[in-house]
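Student: So here's final-v7.cif (mmCIF, C-alpha atoms (C1' of nucleotides)).
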```cif
data_work
loop_
_atom_site.label_atom_id
_atom_site.label_comp_id
_atom_site.auth_asym_id
_atom_site.auth_seq_id
_atom_site.Cartn_x
_atom_site.Cartn_y
_atom_site.Cartn_z
CA MET D 9 14.98 10.77 -30.25
CA PRO D 10 14.16 9.48 -26.80
CA ARG D 11 14.56 5.87 -25.84
CA PRO D 12 11.18 4.14 -26.47
CA ARG D 13 9.25 1.99 -24.03
CA THR D 14 9.87 -1.72 -24.21
CA PHE D 15 6.47 -2.64 -22.80
CA ASN D 16 2.82 -2.21 -23.72
CA GLU D 17 1.03 0.11 -21.31
CA ASP D 18 -2.37 -1.51 -21.83
CA ARG D 19 -0.98 -4.94 -21.07
CA ALA D 20 0.56 -3.58 -17.90
CA VAL D 21 -2.77 -2.12 -16.79
CA ASP D 22 -4.50 -5.39 -17.55
CA ALA D 23 -1.96 -7.37 -15.52
CA ALA D 24 -2.23 -4.91 -12.64
CA MET D 25 -6.02 -5.20 -12.81
CA LYS D 26 -5.86 -8.95 -12.32
CA ALA D 27 -3.51 -8.55 -9.36
CA PHE D 28 -5.78 -6.00 -7.67
CA TRP D 29 -8.84 -8.09 -8.56
CA THR D 30 -7.26 -11.14 -6.97
CA PHE D 31 -5.71 -9.65 -3.84
CA GLY D 32 -7.47 -6.32 -3.32
CA TYR D 33 -5.94 -2.87 -3.05
CA GLU D 34 -4.33 -3.27 0.38
CA GLY D 35 -3.41 -6.86 -0.37
CA THR D 36 -1.37 -6.01 -3.45
CA SER D 37 2.10 -4.57 -2.82
CA THR D 38 4.12 -2.59 -5.32
CA GLN D 39 6.42 -5.59 -5.47
CA ASP D 40 3.44 -7.75 -6.45
CA LEU D 41 2.64 -5.24 -9.17
CA CYS D 42 6.18 -5.43 -10.50
CA GLU D 43 5.95 -9.20 -10.71
CA ALA D 44 2.44 -9.20 -12.19
CA THR D 45 3.32 -6.70 -14.90
CA GLY D 46 6.90 -7.83 -15.45
CA LEU D 47 8.05 -4.23 -15.05
CA GLY D 48 10.62 -2.68 -12.76
CA ARG D 49 9.61 -0.20 -10.07
CA SER D 50 11.00 2.69 -12.08
CA SER D 51 8.97 1.86 -15.15
CA ILE D 52 5.81 1.64 -13.09
CA TYR D 53 6.38 4.92 -11.27
CA ASN D 54 7.53 6.56 -14.48
CA THR D 55 4.32 5.54 -16.27
CA PHE D 56 1.80 5.72 -13.42
CA SER D 57 2.33 8.27 -10.72
CA SER D 58 1.42 6.07 -7.76
CA LYS D 59 -0.02 2.73 -6.70
CA ARG D 60 -3.34 4.46 -6.27
CA ASP D 61 -3.23 5.93 -9.76
CA LEU D 62 -2.48 2.52 -11.24
CA PHE D 63 -5.41 1.11 -9.27
CA ASP D 64 -7.72 3.75 -10.71
CA ARG D 65 -6.53 2.93 -14.22
CA ALA D 66 -7.07 -0.76 -13.54
CA LEU D 67 -10.58 -0.17 -12.24
CA ARG D 68 -11.51 1.99 -15.21
CA HIS D 69 -10.08 -0.63 -17.52
CA TYR D 70 -12.38 -3.19 -15.90
CA MET D 71 -15.40 -0.93 -16.30
CA ASP D 72 -14.51 -0.06 -19.87
CA THR D 73 -14.42 -3.70 -20.86
CA ARG D 74 -16.68 -5.87 -18.68
CA ASN D 75 -19.31 -3.34 -17.71
CA ALA D 76 -19.46 -1.90 -21.19
CA ALA D 77 -20.14 -5.39 -22.53
CA GLN D 78 -23.00 -5.72 -20.05
CA LEU D 79 -24.45 -2.47 -21.31
CA GLU D 80 -24.38 -3.72 -24.88
CA LEU D 81 -26.02 -6.97 -23.87
CA ILE D 82 -28.80 -5.13 -22.05
CA GLN D 83 -29.53 -3.13 -25.16
CA ARG D 84 -29.66 -6.07 -27.57
CA THR D 85 -33.27 -5.68 -28.59
CA ASP D 86 -32.94 -8.69 -30.87
CA LEU D 87 -33.02 -10.94 -27.78
CA PRO D 88 -36.01 -11.47 -25.49
CA ILE D 89 -35.54 -9.59 -22.22
CA ARG D 90 -35.46 -12.77 -20.17
CA GLU D 91 -32.68 -14.12 -22.37
CA ARG D 92 -30.67 -10.92 -21.97
CA ILE D 93 -30.96 -11.08 -18.19
CA ARG D 94 -30.16 -14.77 -18.17
CA GLU D 95 -26.95 -14.06 -20.07
CA LEU D 96 -26.19 -11.15 -17.78
CA LEU D 97 -26.32 -13.44 -14.76
CA TRP D 98 -24.65 -16.27 -16.57
CA ASP D 99 -21.09 -15.14 -16.35
CA ALA D 100 -21.30 -15.70 -12.62
CA VAL D 101 -22.10 -19.31 -13.51
CA GLU D 102 -19.37 -19.87 -16.09
CA PRO D 103 -16.76 -17.15 -15.67
CA ALA D 104 -13.86 -16.83 -18.11
CA ALA D 105 -11.17 -19.30 -17.13
CA THR D 106 -8.42 -16.67 -17.19
CA ASP D 107 -10.27 -14.29 -14.87
CA PRO D 108 -9.78 -14.15 -11.10
CA LEU D 109 -12.69 -15.25 -8.92
CA GLY D 110 -15.64 -12.93 -8.41
CA CYS D 111 -15.94 -9.36 -9.58
CA PHE D 112 -13.43 -6.54 -9.31
CA VAL D 113 -16.16 -3.95 -8.82
CA VAL D 114 -17.86 -5.90 -6.03
CA ASN D 115 -14.50 -6.40 -4.32
CA THR D 116 -13.72 -2.72 -4.57
CA LEU D 117 -17.17 -1.73 -3.37
CA VAL D 118 -16.63 -3.84 -0.28
CA GLU D 119 -13.04 -2.83 0.39
CA LEU D 120 -12.91 0.85 -0.55
CA ALA D 121 -16.31 2.41 -1.23
CA PRO D 122 -17.18 3.15 2.43
CA HIS D 123 -13.93 5.07 3.00
CA GLU D 124 -13.26 6.64 -0.38
CA PRO D 125 -16.08 8.83 -1.67
CA GLU D 126 -14.38 9.25 -5.05
CA ILE D 127 -14.36 5.50 -5.66
CA ALA D 128 -17.91 5.16 -4.35
CA GLU D 129 -19.11 7.87 -6.71
CA LEU D 130 -17.30 6.43 -9.72
CA LEU D 131 -18.82 3.00 -9.15
CA GLU D 132 -22.22 4.42 -8.34
CA ARG D 133 -22.30 6.37 -11.59
CA ASP D 134 -21.20 3.33 -13.56
CA ASN D 135 -23.79 1.15 -11.85
CA LEU D 136 -26.55 3.64 -12.46
CA LEU D 137 -25.77 3.59 -16.17
CA ARG D 138 -26.52 -0.11 -16.39
CA VAL D 139 -29.48 0.01 -14.02
CA GLU D 140 -31.08 2.72 -16.13
CA ALA D 141 -30.45 0.85 -19.34
CA LEU D 142 -32.01 -2.27 -17.86
CA THR D 143 -34.92 -0.25 -16.51
CA THR D 144 -35.56 1.07 -20.01
CA ALA D 145 -35.30 -2.40 -21.48
CA ILE D 146 -37.71 -3.84 -18.91
CA SER D 147 -40.16 -1.00 -19.49
CA ALA D 148 -40.11 -1.68 -23.21
CA ALA D 149 -40.61 -5.40 -22.60
CA GLN D 150 -43.58 -4.64 -20.36
CA ALA D 151 -45.09 -2.36 -22.97
CA ALA D 152 -44.63 -5.11 -25.54
CA GLY D 153 -46.40 -7.60 -23.28
CA GLU D 154 -43.22 -9.60 -22.93
CA LEU D 155 -43.23 -9.06 -19.16
CA ASP D 156 -45.95 -8.61 -16.56
CA ALA D 157 -46.52 -4.84 -16.40
CA GLY D 158 -47.56 -4.88 -12.77
CA HIS D 159 -44.12 -4.28 -11.31
CA ASP D 160 -41.79 -1.30 -11.05
CA PRO D 161 -39.15 -1.63 -13.80
CA ASP D 162 -36.55 0.25 -11.76
CA ALA D 163 -36.98 -2.07 -8.79
CA LEU D 164 -36.67 -5.08 -11.09
CA ALA D 165 -33.50 -3.70 -12.64
CA ARG D 166 -31.93 -3.09 -9.24
CA TYR D 167 -33.02 -6.54 -8.18
CA VAL D 168 -31.19 -8.12 -11.12
CA PHE D 169 -27.94 -6.36 -10.21
CA VAL D 170 -28.29 -7.24 -6.54
CA VAL D 171 -28.62 -10.89 -7.52
CA LEU D 172 -25.57 -10.52 -9.76
CA SER D 173 -23.55 -9.05 -6.88
CA GLY D 174 -24.64 -11.87 -4.63
CA LEU D 175 -23.64 -14.47 -7.21
CA ARG D 176 -20.23 -12.89 -7.47
CA VAL D 177 -19.73 -13.01 -3.74
CA SER D 178 -20.62 -16.71 -3.91
CA ALA D 179 -18.20 -17.17 -6.79
CA ARG D 180 -15.48 -15.62 -4.66
CA ALA D 181 -16.33 -18.19 -1.99
CA GLY D 182 -15.90 -21.00 -4.51
CA ALA D 183 -19.52 -21.85 -5.37
CA THR D 184 -19.92 -24.55 -8.00
CA PRO D 185 -21.42 -23.72 -11.42
CA ALA D 186 -24.32 -26.07 -10.66
CA ALA D 187 -25.21 -24.21 -7.47
CA GLN D 188 -24.89 -20.88 -9.23
CA GLU D 189 -27.12 -22.03 -12.07
CA ALA D 190 -29.84 -23.17 -9.70
CA VAL D 191 -29.83 -19.71 -8.14
CA VAL D 192 -30.02 -18.02 -11.55
CA VAL D 193 -33.01 -20.18 -12.47
CA ALA D 194 -34.76 -19.23 -9.24
CA ALA D 195 -33.93 -15.55 -9.71
CA LEU D 196 -35.28 -15.46 -13.25
CA ARG D 197 -38.63 -16.76 -12.10
CA THR D 198 -39.39 -13.38 -10.50
CA LEU D 199 -39.58 -11.62 -13.87
CA MET V 20 -2.94 -13.16 44.07
CA PRO V 21 -2.17 -12.00 40.54
CA ARG V 22 -3.11 -8.61 39.30
CA PRO V 23 -6.56 -8.86 37.63
CA ARG V 24 -7.51 -7.57 34.19
CA THR V 25 -9.01 -4.12 34.05
CA PHE V 26 -10.95 -4.76 30.84
CA ASN V 27 -13.68 -7.06 29.61
CA GLU V 28 -12.41 -9.52 27.03
CA ASP V 29 -15.77 -9.84 25.25
CA ARG V 30 -16.07 -6.11 24.88
CA ALA V 31 -12.60 -6.01 23.40
CA VAL V 32 -13.48 -8.70 20.86
CA ASP V 33 -16.67 -6.83 19.98
CA ALA V 34 -14.77 -3.58 19.44
CA ALA V 35 -12.14 -5.36 17.35
CA MET V 36 -14.92 -6.96 15.30
CA LYS V 37 -16.34 -3.57 14.40
CA ALA V 38 -12.91 -2.32 13.37
CA PHE V 39 -12.26 -5.33 11.13
CA TRP V 40 -15.82 -5.15 9.81
CA THR V 41 -15.34 -1.51 8.90
CA PHE V 42 -11.82 -1.54 7.47
CA GLY V 43 -11.11 -5.17 6.60
CA TYR V 44 -8.26 -7.36 7.79
CA GLU V 45 -5.45 -5.69 5.86
CA GLY V 46 -6.96 -2.27 6.38
CA THR V 47 -6.91 -2.51 10.18
CA SER V 48 -3.54 -1.96 11.85
CA THR V 49 -2.62 -3.10 15.34
CA GLN V 50 -2.62 0.56 16.27
CA ASP V 51 -6.21 0.83 15.04
CA LEU V 52 -7.08 -2.17 17.21
CA CYS V 53 -5.55 -0.51 20.26
CA GLU V 54 -7.64 2.60 19.67
CA ALA V 55 -10.83 0.65 18.90
CA THR V 56 -10.56 -1.52 22.01
CA GLY V 57 -9.00 1.11 24.26
CA LEU V 58 -6.29 -1.38 25.21
CA GLY V 59 -2.53 -1.12 25.04
CA ARG V 60 -0.47 -3.29 22.72
CA SER V 61 0.72 -5.44 25.62
CA SER V 62 -2.80 -6.19 26.79
CA ILE V 63 -3.84 -7.20 23.30
CA TYR V 64 -0.84 -9.43 22.70
CA ASN V 65 -1.09 -10.82 26.21
CA THR V 66 -4.73 -11.79 25.67
CA PHE V 67 -4.75 -12.68 21.96
CA SER V 68 -1.64 -14.20 20.48
CA SER V 69 -1.67 -12.24 17.20
CA LYS V 70 -3.64 -9.91 14.98
CA ARG V 71 -4.79 -12.93 13.06
CA ASP V 72 -5.97 -14.70 16.20
CA LEU V 73 -7.95 -11.65 17.26
CA PHE V 74 -9.49 -11.52 13.80
CA ASP V 75 -10.57 -15.15 14.10
CA ARG V 76 -12.12 -14.44 17.47
CA ALA V 77 -13.91 -11.41 16.03
CA LEU V 78 -15.25 -13.40 13.09
CA ARG V 79 -16.49 -16.19 15.34
CA HIS V 80 -18.09 -13.60 17.59
CA TYR V 81 -19.97 -12.24 14.57
CA MET V 82 -21.14 -15.71 13.58
CA ASP V 83 -22.12 -16.61 17.12
CA THR V 84 -24.37 -13.59 17.40
CA ARG V 85 -25.73 -12.45 14.01
CA ASN V 86 -25.74 -15.74 12.16
CA ALA V 87 -27.08 -17.62 15.13
CA ALA V 88 -29.97 -15.15 15.29
CA GLN V 89 -30.67 -15.84 11.62
CA LEU V 90 -30.80 -19.55 12.35
CA GLU V 91 -33.34 -19.00 15.08
CA LEU V 92 -35.45 -16.83 12.83
CA ILE V 93 -35.42 -19.46 10.09
CA GLN V 94 -36.69 -22.04 12.53
CA ARG V 95 -39.54 -19.96 13.94
CA THR V 96 -42.36 -22.19 12.82
CA ASP V 97 -44.87 -19.82 14.36
CA LEU V 98 -44.26 -17.41 11.46
CA PRO V 99 -45.26 -18.01 7.83
CA ILE V 100 -42.21 -18.89 5.75
CA ARG V 101 -42.52 -15.76 3.62
CA GLU V 102 -42.54 -13.64 6.72
CA ARG V 103 -39.42 -15.35 8.04
CA ILE V 104 -37.58 -14.77 4.78
CA ARG V 105 -38.80 -11.19 4.63
CA GLU V 106 -37.35 -10.55 8.07
CA LEU V 107 -34.17 -12.33 7.10
CA LEU V 108 -33.67 -9.93 4.21
CA TRP V 109 -34.93 -6.98 6.16
CA ASP V 110 -31.85 -6.21 8.15
CA ALA V 111 -30.18 -5.24 4.92
CA VAL V 112 -32.95 -2.65 4.60
CA GLU V 113 -32.82 -1.29 8.14
CA PRO V 114 -29.51 -2.30 9.69
CA ALA V 115 -28.77 -1.58 13.35
CA ALA V 116 -27.60 2.01 13.68
CA THR V 117 -24.50 1.04 15.67
CA ASP V 118 -23.31 -1.52 13.13
CA PRO V 119 -20.80 -0.78 10.36
CA LEU V 120 -22.07 -0.88 6.77
CA GLY V 121 -22.66 -4.22 5.10
CA CYS V 122 -21.78 -7.63 6.45
CA PHE V 123 -18.59 -8.80 8.10
CA VAL V 124 -18.92 -12.27 6.58
CA VAL V 125 -19.43 -10.96 3.04
CA ASN V 126 -16.45 -8.63 3.45
CA THR V 127 -14.28 -11.47 4.70
CA LEU V 128 -15.46 -13.79 1.94
CA VAL V 129 -14.39 -11.21 -0.61
CA GLU V 130 -11.11 -10.25 1.03
CA LEU V 131 -9.76 -13.50 2.45
CA ALA V 132 -11.68 -16.60 1.36
CA PRO V 133 -9.89 -17.07 -1.99
CA HIS V 134 -6.45 -17.09 -0.33
CA GLU V 135 -7.12 -18.66 3.04
CA PRO V 136 -8.70 -22.10 2.88
CA GLU V 137 -9.26 -22.18 6.65
CA ILE V 138 -11.37 -19.04 6.55
CA ALA V 139 -13.19 -20.26 3.45
CA GLU V 140 -14.03 -23.53 5.14
CA LEU V 141 -15.19 -21.91 8.35
CA LEU V 142 -17.54 -19.58 6.48
CA GLU V 143 -18.70 -22.32 4.15
CA ARG V 144 -19.62 -24.56 7.07
CA ASP V 145 -21.45 -21.73 8.78
CA ASN V 146 -23.30 -20.82 5.60
CA LEU V 147 -24.30 -24.40 4.96
CA LEU V 148 -25.88 -24.57 8.39
CA ARG V 149 -28.27 -21.77 7.57
CA VAL V 150 -28.90 -22.93 4.01
CA GLU V 151 -29.84 -26.37 5.27
CA ALA V 152 -32.13 -24.96 7.93
CA LEU V 153 -33.85 -22.79 5.35
CA THR V 154 -34.10 -25.73 2.95
CA THR V 155 -35.84 -27.72 5.64
CA ALA V 156 -38.17 -24.85 6.44
CA ILE V 157 -39.04 -24.37 2.76
CA SER V 158 -39.65 -28.08 2.32
CA ALA V 159 -42.01 -28.06 5.26
CA ALA V 160 -43.82 -25.02 3.89
CA GLN V 161 -44.21 -26.72 0.52
CA ALA V 162 -45.60 -29.84 2.17
CA ALA V 163 -48.03 -27.66 4.08
CA GLY V 164 -49.16 -26.02 0.86
CA GLU V 165 -47.78 -22.69 2.02
CA LEU V 166 -45.41 -22.55 -0.95
CA ASP V 167 -45.57 -23.84 -4.55
CA ALA V 168 -44.07 -27.34 -4.37
CA GLY V 169 -42.74 -27.25 -7.91
CA HIS V 170 -39.33 -25.85 -7.08
CA ASP V 171 -36.17 -27.26 -5.51
CA PRO V 172 -36.09 -26.14 -1.85
CA ASP V 173 -32.28 -26.17 -1.73
CA ALA V 174 -32.04 -23.91 -4.78
CA LEU V 175 -34.57 -21.53 -3.22
CA ALA V 176 -32.64 -21.45 0.05
CA ARG V 177 -29.37 -20.66 -1.75
CA TYR V 178 -31.19 -18.05 -3.79
CA VAL V 179 -32.35 -16.28 -0.63
CA PHE V 180 -28.82 -16.08 0.74
CA VAL V 181 -27.42 -14.91 -2.58
CA VAL V 182 -29.95 -12.08 -2.55
CA LEU V 183 -28.95 -11.29 1.03
CA SER V 184 -25.28 -11.12 0.07
CA GLY V 185 -26.11 -8.85 -2.83
CA LEU V 186 -28.13 -6.56 -0.59
CA ARG V 187 -25.21 -6.31 1.77
CA VAL V 188 -22.84 -5.36 -1.02
CA SER V 189 -25.33 -2.64 -1.96
CA ALA V 190 -25.52 -1.54 1.67
CA ARG V 191 -21.74 -1.23 1.70
CA ALA V 192 -22.08 1.00 -1.36
CA GLY V 193 -24.54 3.22 0.48
CA ALA V 194 -27.88 2.07 -0.98
CA THR V 195 -30.92 3.81 0.51
CA PRO V 196 -33.43 1.83 2.58
CA ALA V 197 -36.09 2.57 -0.04
CA ALA V 198 -34.03 1.04 -2.82
CA GLN V 199 -33.19 -1.96 -0.68
CA GLU V 200 -36.83 -2.48 0.20
CA ALA V 201 -37.89 -2.45 -3.44
CA VAL V 202 -35.35 -5.17 -4.15
CA VAL V 203 -36.57 -7.26 -1.21
CA VAL V 204 -40.14 -6.98 -2.49
CA ALA V 205 -39.05 -8.14 -5.92
CA ALA V 206 -36.98 -10.97 -4.50
CA LEU V 207 -39.84 -12.28 -2.36
CA ARG V 208 -42.08 -12.58 -5.39
CA THR V 209 -40.08 -15.60 -6.56
CA LEU V 210 -41.23 -17.74 -3.64
"C1'" DC X 20 1.27 -4.56 55.23
"C1'" DG X 21 4.64 -7.12 52.46
"C1'" DG X 22 5.66 -10.75 48.76
"C1'" DG X 23 4.39 -13.23 44.65
"C1'" DT X 24 2.13 -12.95 40.36
"C1'" DT X 25 0.22 -10.82 36.45
"C1'" DT X 26 -1.08 -6.73 33.88
"C1'" DT X 27 0.17 -2.64 31.90
"C1'" DG X 28 2.46 1.20 29.22
"C1'" DG X 29 5.80 2.40 26.31
"C1'" DA X 30 10.18 1.92 24.19
"C1'" DC X 31 12.02 -0.88 20.89
"C1'" DT X 32 12.99 -4.46 16.90
"C1'" DG X 33 13.30 -6.10 12.35
"C1'" DC X 34 10.91 -5.88 8.36
"C1'" DT X 35 8.12 -4.42 4.49
"C1'" DC X 36 5.66 -0.80 2.66
"C1'" DG X 37 5.16 2.96 -1.10
"C1'" DA X 38 8.02 6.00 -3.24
"C1'" DT X 39 12.47 8.34 -4.87
"C1'" DC X 40 17.01 8.77 -6.82
"C1'" DC X 41 20.79 8.10 -9.74
"C1'" DA X 42 23.94 6.03 -12.77
"C1'" DT X 43 23.66 3.46 -16.90
"C1'" DA X 44 21.59 1.64 -21.03
"C1'" DA X 45 19.06 2.20 -25.25
"C1'" DC X 46 17.16 4.51 -28.74
"C1'" DG X 47 16.05 8.16 -32.81
"C1'" DT X 48 17.74 11.93 -34.98
"C1'" DG X 49 20.87 15.19 -37.19
"C1'" DC B 20 28.40 7.98 -35.35
"C1'" DA B 21 27.74 11.00 -31.59
"C1'" DC B 22 24.38 13.72 -29.17
"C1'" DG B 23 20.01 14.52 -26.55
"C1'" DT B 24 16.45 12.30 -24.39
"C1'" DT B 25 14.03 8.92 -22.04
"C1'" DA B 26 13.68 4.16 -20.01
"C1'" DT B 27 15.54 1.03 -16.98
"C1'" DG B 28 17.53 -1.48 -12.83
"C1'" DG B 29 18.92 -1.32 -8.39
"C1'" DA B 30 20.16 0.98 -4.25
"C1'" DT B 31 17.98 3.66 -1.06
"C1'" DC B 32 14.60 6.45 1.80
"C1'" DG B 33 11.52 7.45 5.79
"C1'" DA B 34 7.33 5.70 7.58
"C1'" DG B 35 4.47 2.40 9.39
"C1'" DC B 36 3.81 -2.40 10.09
"C1'" DA B 37 3.24 -6.67 13.40
"C1'" DG B 38 5.20 -8.23 17.23
"C1'" DT B 39 8.60 -8.26 21.57
"C1'" DC B 40 10.53 -6.82 25.85
"C1'" DC B 41 11.14 -4.85 30.24
"C1'" DA B 42 10.50 -2.04 34.16
"C1'" DA B 43 6.95 -0.43 36.97
"C1'" DA B 44 2.30 -0.69 38.74
"C1'" DA B 45 -1.61 -3.13 40.72
"C1'" DC B 46 -3.76 -6.54 42.88
"C1'" DC B 47 -4.74 -10.76 46.21
"C1'" DC B 48 -3.43 -13.39 49.86
"C1'" DG B 49 -1.19 -14.55 53.98
#
```
Could you render the structure from this file as structure tokens?
Tutor:
Amino acid sequence: MPRPRTFNEDRAVDAAMKAFWTFGYEGTSTQDLCEATGLGRSSIYNTFSSKRDLFDRALRHYMDTRNAAQLELIQRTDLPIRERIRELLWDAVEPAATDPLGCFVVNTLVELAPHEPEIAELLERDNLLRVEALTTAISAAQAAGELDAGHDPDALARYVFVVLSGLRVSARAGATPAAQEAVVVAALRTL
Amino acid sequence: MPRPRTFNEDRAVDAAMKAFWTFGYEGTSTQDLCEATGLGRSSIYNTFSSKRDLFDRALRHYMDTRNAAQLELIQRTDLPIRERIRELLWDAVEPAATDPLGCFVVNTLVELAPHEPEIAELLERDNLLRVEALTTAISAAQAAGELDAGHDPDALARYVFVVLSGLRVSARAGATPAAQEAVVVAALRTL
DNA sequence: CGGGTTTTGGACTGCTCGATCCATAACGTG
DNA sequence: CACGTTATGGATCGAGCAGTCCAAAACCCG
């Protein structure tokens, strides 16, 4: 019997995510969020309890989609390990045209992680998930003779994600795809 | 005959730099700047025309010290090229104890570069300076047989700075020195 | 030691922030 | 079709923002 919502909550979170991704947490006002989502203030505060809560939802939405896709890619045993890592790094070379520059997680790490332990922990846990998966994948590849077994798989996995973070900082600074690709090629040579 | 200043302008800029470095541009209020520098509002606005102007001074101060030191290190022909690059990456492993986490330039790149062309250009020019110096140094090392000559020196130089950016994102997220070191070791293997 | 100049502290301004409130609109159900 | 319930839009709130202003203090020089 109540009046139903006229908007899709998931779409609103997605729109808010792109606003936060583009302008950062402090750089996005509630007014910006209204415009990005197309909602009125009341609808936003009725659905999400605060700007911070909406930010958390947006961040989790990012992790649930992008980072989850990375995890799947890492575990695709049908592809050679080098190819999986190349594809992992590749979306810093050719990012989706509809996405803001860079990486929402990297931005948030830089802006909020040092001052907000909860955020730092959330991102750390999420990062560890992918690092461990890649460590496992690298170990398996070493055992299979696909990679040189002389190096610590965990260090290699962390190295790959450090390079990815660096590429995403460069992307934020407007690096060209050609420059990014050259870096990916150099980075892959380590493996 | 006028009343002289009771504070040191350079010290004020340095204190402001650490505040901006720690909390970002949007995250640092003028009140924060007063507390960080120990100055009153009037002194700040009398000396620097605006928050933004003080930020620019702080950013240039960072570049004039840290980045200039990097440039010198890159050009130290008395050291083997690998050693120079190792030291370059090393201050993401053992940063100065009095410095905030991460890197002021990386933070600013992430927060402001996409929306402020002036900042983006300033940082791009500064970055290019060091990339070109490293490219030259790598070229020379290849000619001297110190490095494998089969790879593009410019791509290698960009690769090194991408790794450095990535390490500084990790530092911001609280990575341990041990983890950072392992990544540096892996990264150096590419050369 | 007094006059001219600048610095300094603190009150103050207008504005925007995140968040709340309320009257009205819109819906499903009985 | 009317009632109960929730969604919506817009006015509104106090707080904090960047920046200004002014009276008083501090200094150097003659």
Student: Choose the residue, out of D:Thr184, D:Ser173, D:Thr36, D:Asn54, that has the smallest atom-to-atom separation from chain V; count only C-alpha atoms.
Tutor: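 Smallest distance to chain V is found for D:Ser173.
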Student: Might you spell out which residues the PyMOL selection byres ((chain D) within 7 of (chain V)) would select in the displayed file, as a PyMOL selection string?
Tutor: chain D and resi 32+34-35+115+117-119+121-122+128+163-164+166-167+170-171+173-175+177+180-181+190-191+194-195+197-198
Student: Could you list, as a VMD selection string, the residues of chain D having an atom within 12 Å of chain B when counting only C-alpha atoms (C1' of nucleotides)?
Tutor: chain D and resid 9 to 15 47 to 55
Student: With the file shown as input, list the residues that the PyMOL selection byres ((chain X) within 7 of (chain D)) selects, as number ranges by chain.
Tutor: X: 45-48
Student: Write the selection just made, keeping C-alpha atoms (C1' of nucleotides), as a CSV table (one decimal), in the coordinates of the input?
Tutor:
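The result, written out as selection_2.csv:
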```
chain,number,residue,atom,x,y,z
X,45,DA,C1',19.1,2.2,-25.2
X,46,DC,C1',17.2,4.5,-28.7
X,47,DG,C1',16.0,8.2,-32.8
X,48,DT,C1',17.7,11.9,-35.0
```
Student: Using Å and a single decimal, report how far CA of Leu137 in chain D sits from CA of Ala149 in chain D.
Tutor: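 Taking CA of Ala149 in chain D as the start and CA of Leu137 in chain D as the end point, the length is 18.5 Å.
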Student: Suppose you want the space between CA of Ala105 in chain D and CA of Ile82 in chain D; what is it in Å?
Tutor: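 Atom-to-atom, CA of Ala105 in chain D and CA of Ile82 in chain D are spaced 23.1 Å apart.
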Student: Would you write out, as a list in words, every residue that the PyMOL selection byres ((chain D and resi 25) around 8) captures in this file?
Tutor: Val21, Asp22, Ala23, Ala24, Lys26, Ala27, Phe28, Trp29, Phe63, Ala66, Leu67, His69 and Tyr70 of chain D
Student: I need the residues from that last selection saved to file as a short mmCIF file (atom, residue, chain, number, x, y, z; two decimals), keeping the file's coordinate frame (with C-alpha atoms), if you can.
Tutor:
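The resulting file, selection.cif, is reproduced below:
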```cif
data_model
loop_
_atom_site.label_atom_id
_atom_site.label_comp_id
_atom_site.auth_asym_id
_atom_site.auth_seq_id
_atom_site.Cartn_x
_atom_site.Cartn_y
_atom_site.Cartn_z
CA VAL D 21 -2.77 -2.12 -16.79
CA ASP D 22 -4.50 -5.39 -17.55
CA ALA D 23 -1.96 -7.37 -15.52
CA ALA D 24 -2.23 -4.91 -12.64
CA LYS D 26 -5.86 -8.95 -12.32
CA ALA D 27 -3.51 -8.55 -9.36
CA PHE D 28 -5.78 -6.00 -7.67
CA TRP D 29 -8.84 -8.09 -8.56
CA PHE D 63 -5.41 1.11 -9.27
CA ALA D 66 -7.07 -0.76 -13.54
CA LEU D 67 -10.58 -0.17 -12.24
CA HIS D 69 -10.08 -0.63 -17.52
CA TYR D 70 -12.38 -3.19 -15.90
#
```
Student: Give me, please, the distance in Å between CA of Asn146 in chain V and CA of Val124 in chain V, quoted to one decimal.
Tutor: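 So the two atoms, CA of Asn146 in chain V and CA of Val124 in chain V, lie 9.7 Å apart.
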